[in-house]
Amino acid sequence: MSVDSEAGNVEKSGEIAALLLAHYDRHARDLPWRTGPAAMKRGERPDPYRVWLSEIMLQQTTVAAVVPYFERFTARWPDVGKLATADPADILAAWAGLGYYARARNLIACAQQVAGERAGRFPDSEAELRGLPGIGTYSAAAIAAIAFDRRAVVVDANVERVIARLFAIEDPLPAGKPCIRACAERLTPDLRAGDFAQAMMDLGATICTPKTPDCGGCPVAVHCRARARAIADMLPRKLPKAAKPQRRGIAWWIERDGRVLLVTRPPRGMLGGLRALPDDGWNARRDGTGEPPLPGDWLLLSGSVRHVFTHFALDLEMAVYRGGDFDMVPQGEWWPLDRLGEAGLPTLFGKAAKLASLHEK
Ligand code: SF4
């Protein structure tokens, strides 16, 4: 483990935190889930529901992608009680396009638990937050700090990068994570831990960016070891990622009287509980079988949809049913083609539907 001894210098840690907080007070990003420093000074406090919702949406997803979803969700379901009693199918449909659908299923379970067992109040400790569905170590720390101003060490990818550079931590990730975490622990102040966490996130998102950090505009540049050594843009070092396996599959387009057949995927597993086109059973471990869901004449369209999941990449072809015998059609919904945009199809099947609709059938 290589870490500069400055990480253990309490005085300097306090100075770094103070500089970051002062910068945050002047330049905090205006985000729809955030109670900014001016509002905090007026005595306003963050709404734990909005903080929780934003943190779940932000898992593996950018701020820019999350903002419109967050605004739609909070307009439709303004508190955890409303979300808990909503139709899960409506929530999954509203989540469509945001990806990582297990998050949406956990979101529903968590809302129901908080509304049903905790009278709509989120717990304020990391340990209790971790006991709720979909809240892991990082999210628990972020919610405890931001929503309840508990001292918690919040380390997301942005913070990881800032810390690795500030202390010139050269161990490649993921091996360097414990060292980064130890440094973050020492930097985190007792007071304003929530603002400090958001100040670090903002610094990583706006100044200490991955490729070209703006060290000239950085409030903690004077303390930065990577900058002093001119290695900032090389950190954090990362081990090369293993290539993702490539899978192939087919989605089936069955159309009748201006409607297309949609199925609901099984509740557990990939894209679980979502509406989708029928497919041939591909998953992360194997290709699809190529077996159509009913016998007859099928036209395999030219072109395909490529989609990258967390653990594999998929090449999805489309086949259109040209027979007229619908007796053996699998169970599903005949969805009007002119309202397909309201079906809440996940991105993969939205792209597949577009491919089919472009084709002269
Ligand atoms: Fe990042 Fe540069 Fe600031 Fe160091 S000086 S923390 S590398 S922006």
# chains A, B, ... in the order shown; residues from 1 in each chain; ligands from 1
call {"tool": "residues_near_ligand", "arguments": {"ligand": "ligand 1", "cutoff": "6 Å", "atoms": "only C-alpha atoms and all ligand atoms", "output": "number ranges by chain"}}
result
A: 162, 165-166, 207-208, 213-215, 218, 220-221, 224, 226-227, 232
call {"tool": "select_by_dssp", "arguments": {"residues": "range 282-327 of chain A", "states": "strand (DSSP E)", "output": "list of chain:residue names"}}
result
A:Trp298, A:Leu299, A:Leu300, A:Val305, A:Arg306, A:His307, A:Val308, A:Ala313, A:Leu314, A:Asp315, A:Leu316, A:Glu317, A:Met318, A:Ala319, A:Val320, A:Tyr321
call {"tool": "select_by_dssp", "arguments": {"residues": "range 175-358 of chain A", "states": "alpha helix (DSSP H)", "output": "PyMOL selection string"}}
result
chain A and resi 177-187+193-206+225-228+347-358
call {"tool": "write_last_selection", "arguments": {"atoms": "C-alpha atoms", "output": "PDB file, in the first residue's frame"}}
result
ATOM      1  CA  LYS A 177      -9.814   0.759  -2.330  1.00  0.00           C
ATOM      2  CA  PRO A 178      -9.060   0.092   1.371  1.00  0.00           C
ATOM      3  CA  CYS A 179      -6.302   2.689   1.328  1.00  0.00           C
ATOM      4  CA  ILE A 180      -8.594   5.217  -0.370  1.00  0.00           C
ATOM      5  CA  ARG A 181     -11.285   4.500   2.171  1.00  0.00           C
ATOM      6  CA  ALA A 182      -8.881   4.964   5.079  1.00  0.00           C
ATOM      7  CA  CYS A 183      -7.856   8.363   3.696  1.00  0.00           C
ATOM      8  CA  ALA A 184     -11.508   9.357   3.160  1.00  0.00           C
ATOM      9  CA  GLU A 185     -12.220   8.347   6.754  1.00  0.00           C
ATOM     10  CA  ARG A 186      -9.510  10.678   8.018  1.00  0.00           C
ATOM     11  CA  LEU A 187     -10.685  13.558   5.852  1.00  0.00           C
ATOM     12  CA  ALA A 193     -20.552  15.476   6.968  1.00  0.00           C
ATOM     13  CA  GLY A 194     -23.397  15.604   4.440  1.00  0.00           C
ATOM     14  CA  ASP A 195     -22.163  18.814   2.845  1.00  0.00           C
ATOM     15  CA  PHE A 196     -18.625  17.438   2.876  1.00  0.00           C
ATOM     16  CA  ALA A 197     -19.742  14.293   1.019  1.00  0.00           C
ATOM     17  CA  GLN A 198     -21.531  16.407  -1.577  1.00  0.00           C
ATOM     18  CA  ALA A 199     -18.542  18.771  -1.837  1.00  0.00           C
ATOM     19  CA  MET A 200     -16.301  15.798  -2.662  1.00  0.00           C
ATOM     20  CA  MET A 201     -18.794  14.484  -5.214  1.00  0.00           C
ATOM     21  CA  ASP A 202     -19.013  17.924  -6.837  1.00  0.00           C
ATOM     22  CA  LEU A 203     -15.239  18.293  -6.955  1.00  0.00           C
ATOM     23  CA  GLY A 204     -14.907  14.945  -8.711  1.00  0.00           C
ATOM     24  CA  ALA A 205     -17.744  15.709 -11.136  1.00  0.00           C
ATOM     25  CA  THR A 206     -16.761  19.242 -12.096  1.00  0.00           C
ATOM     26  CA  ARG A 225       0.343  15.145  -4.136  1.00  0.00           C
ATOM     27  CA  ALA A 226      -0.634  13.868  -7.575  1.00  0.00           C
ATOM     28  CA  ARG A 227      -0.629  17.414  -8.911  1.00  0.00           C
ATOM     29  CA  ALA A 228       2.791  18.064  -7.348  1.00  0.00           C
ATOM     30  CA  THR A 347     -34.192   0.132 -23.667  1.00  0.00           C
ATOM     31  CA  LEU A 348     -33.182  -3.166 -25.299  1.00  0.00           C
ATOM     32  CA  PHE A 349     -36.747  -4.026 -26.338  1.00  0.00           C
ATOM     33  CA  GLY A 350     -37.507  -0.419 -27.238  1.00  0.00           C
ATOM     34  CA  LYS A 351     -34.650  -0.589 -29.732  1.00  0.00           C
ATOM     35  CA  ALA A 352     -35.859  -3.989 -30.983  1.00  0.00           C
ATOM     36  CA  ALA A 353     -39.394  -2.627 -31.485  1.00  0.00           C
ATOM     37  CA  LYS A 354     -37.945   0.263 -33.453  1.00  0.00           C
ATOM     38  CA  LEU A 355     -36.068  -2.167 -35.693  1.00  0.00           C
ATOM     39  CA  ALA A 356     -39.276  -4.100 -36.332  1.00  0.00           C
ATOM     40  CA  SER A 357     -41.327  -0.982 -36.984  1.00  0.00           C
ATOM     41  CA  LEU A 358     -38.817   0.213 -39.593  1.00  0.00           C
TER      42      LEU A 358
END
call {"tool": "residues_around", "arguments": {"residues": "Pro78 in chain A", "least_positions_apart": "5", "cutoff": "10 Å", "atoms": "only C-alpha atoms", "output": "ChimeraX atom specification"}}
result
/A:49-50,71-73,83
call {"tool": "write_last_selection", "arguments": {"atoms": "C-alpha atoms", "output": "mmCIF file, in the first residue's frame"}}
result
data_model
loop_
_atom_site.group_PDB
_atom_site.id
_atom_site.type_symbol
_atom_site.label_atom_id
_atom_site.label_comp_id
_atom_site.auth_asym_id
_atom_site.auth_seq_id
_atom_site.Cartn_x
_atom_site.Cartn_y
_atom_site.Cartn_z
ATOM 1 C CA TYR A 49 -37.281 10.369 0.697
ATOM 2 C CA ARG A 50 -35.786 12.521 -2.063
ATOM 3 C CA GLU A 71 -38.432 14.878 -11.485
ATOM 4 C CA ARG A 72 -41.087 12.605 -13.019
ATOM 5 C CA PHE A 73 -41.029 10.232 -10.030
ATOM 6 C CA LEU A 83 -44.690 5.282 -3.840
#
call {"tool": "closest_atom_pairs", "arguments": {"of": "range 4-123 of chain A", "to": "range 133-138 of chain A", "cutoff": "12 Å", "atoms": "only C-alpha atoms", "output": "tab-separated table"}}
result
residue	atom	partner	partner_atom	distance
A:Trp52	CA	A:Ile135	CA	8.9
A:Leu53	CA	A:Ile135	CA	10.7
A:Glu55	CA	A:Ile135	CA	9.1
A:Ile56	CA	A:Gly134	CA	7.6
A:Met57	CA	A:Gly134	CA	10.8
A:Leu58	CA	A:Tyr138	CA	11.4
A:Gln59	CA	A:Tyr138	CA	9.4
A:Gln60	CA	A:Tyr138	CA	11.8
A:Tyr100	CA	A:Gly134	CA	11.6
A:Tyr101	CA	A:Gly134	CA	11.1
A:Ala102	CA	A:Gly134	CA	8.3
A:Arg103	CA	A:Gly134	CA	6.4
A:Ala104	CA	A:Gly134	CA	8.8
A:Arg105	CA	A:Gly134	CA	8.5
A:Asn106	CA	A:Gly134	CA	5.0
A:Leu107	CA	A:Gly134	CA	6.6
A:Ile108	CA	A:Pro133	CA	8.8
A:Ala109	CA	A:Pro133	CA	6.3
A:Cys110	CA	A:Pro133	CA	5.1
A:Ala111	CA	A:Pro133	CA	8.9
A:Gln112	CA	A:Pro133	CA	9.9
A:Gln113	CA	A:Pro133	CA	8.5
A:Val114	CA	A:Pro133	CA	10.0
A:Phe122	CA	A:Ile135	CA	11.7
A:Pro123	CA	A:Ile135	CA	11.8
call {"tool": "closest_residue", "arguments": {"among": "A:Pro236, A:Gly14, A:Pro292, A:Gly116", "to": "Ile169 in chain A", "atoms": "only C-alpha atoms"}}
result
A:Pro236
call {"tool": "closest_residue", "arguments": {"among": "A:Ile143, A:Asp190, A:Ala115, A:Ala75", "to": "Glu128 in chain A", "atoms": "only C-alpha atoms"}}
result
A:Ile143
call {"tool": "closest_residue", "arguments": {"among": "A:Arg286, A:Lys241, A:His359, A:His23", "to": "Gly303 in chain A", "atoms": "only C-alpha atoms"}}
result
A:His359
call {"tool": "residues_around", "arguments": {"residues": "Asp297 in chain A", "least_positions_apart": "2", "cutoff": "7 Å", "atoms": "only C-alpha atoms", "output": "PyMOL selection string"}}
result
chain A and resi 299+321-323
call {"tool": "write_last_selection", "arguments": {"atoms": "C-alpha atoms", "output": "CSV table (one decimal), in the first residue's frame"}}
result
chain,number,residue,atom,x,y,z
A,299,LEU,CA,-39.1,-13.6,-41.3
A,321,TYR,CA,-44.4,-13.7,-37.5
A,322,ARG,CA,-46.0,-14.0,-41.0
A,323,GLY,CA,-48.5,-16.8,-40.2
call {"tool": "atom_distance", "arguments": {"atom1": "CA of Asp87 in chain A", "atom2": "CA of Leu345 in chain A"}}
result
16.3 Å
call {"tool": "closest_atom_pairs", "arguments": {"of": "range 211-308 of chain A", "to": "range 325-341 of chain A", "cutoff": "7 Å", "atoms": "only C-alpha atoms", "output": "tab-separated table"}}
result
residue	atom	partner	partner_atom	distance
A:Gly258	CA	A:Leu337	CA	5.8
A:Arg259	CA	A:Pro336	CA	4.3
A:Val260	CA	A:Trp335	CA	5.3
A:Leu261	CA	A:Trp334	CA	4.7
A:Leu262	CA	A:Glu333	CA	5.2
A:Val263	CA	A:Gly332	CA	4.4
A:Thr264	CA	A:Gly332	CA	6.9
A:Pro293	CA	A:Pro330	CA	6.7
A:Leu294	CA	A:Met328	CA	5.8
call {"tool": "atom_distance", "arguments": {"atom1": "CA of Arg130 in chain A", "atom2": "CA of Phe148 in chain A"}}
result
14.7 Å
call {"tool": "closest_residue", "arguments": {"among": "A:Ala89, A:Trp33, A:Gly131, A:Leu301", "to": "Pro68 in chain A", "atoms": "only C-alpha atoms"}}
result
A:Trp33
call {"tool": "closest_residue", "arguments": {"among": "A:Gly324, A:Pro88, A:Pro210, A:Gly36", "to": "Asp233 in chain A", "atoms": "only C-alpha atoms"}}
result
A:Pro210
call {"tool": "atom_distance", "arguments": {"atom1": "CA of Ala39 in chain A", "atom2": "CA of Leu129 in chain A"}}
result
25.2 Å
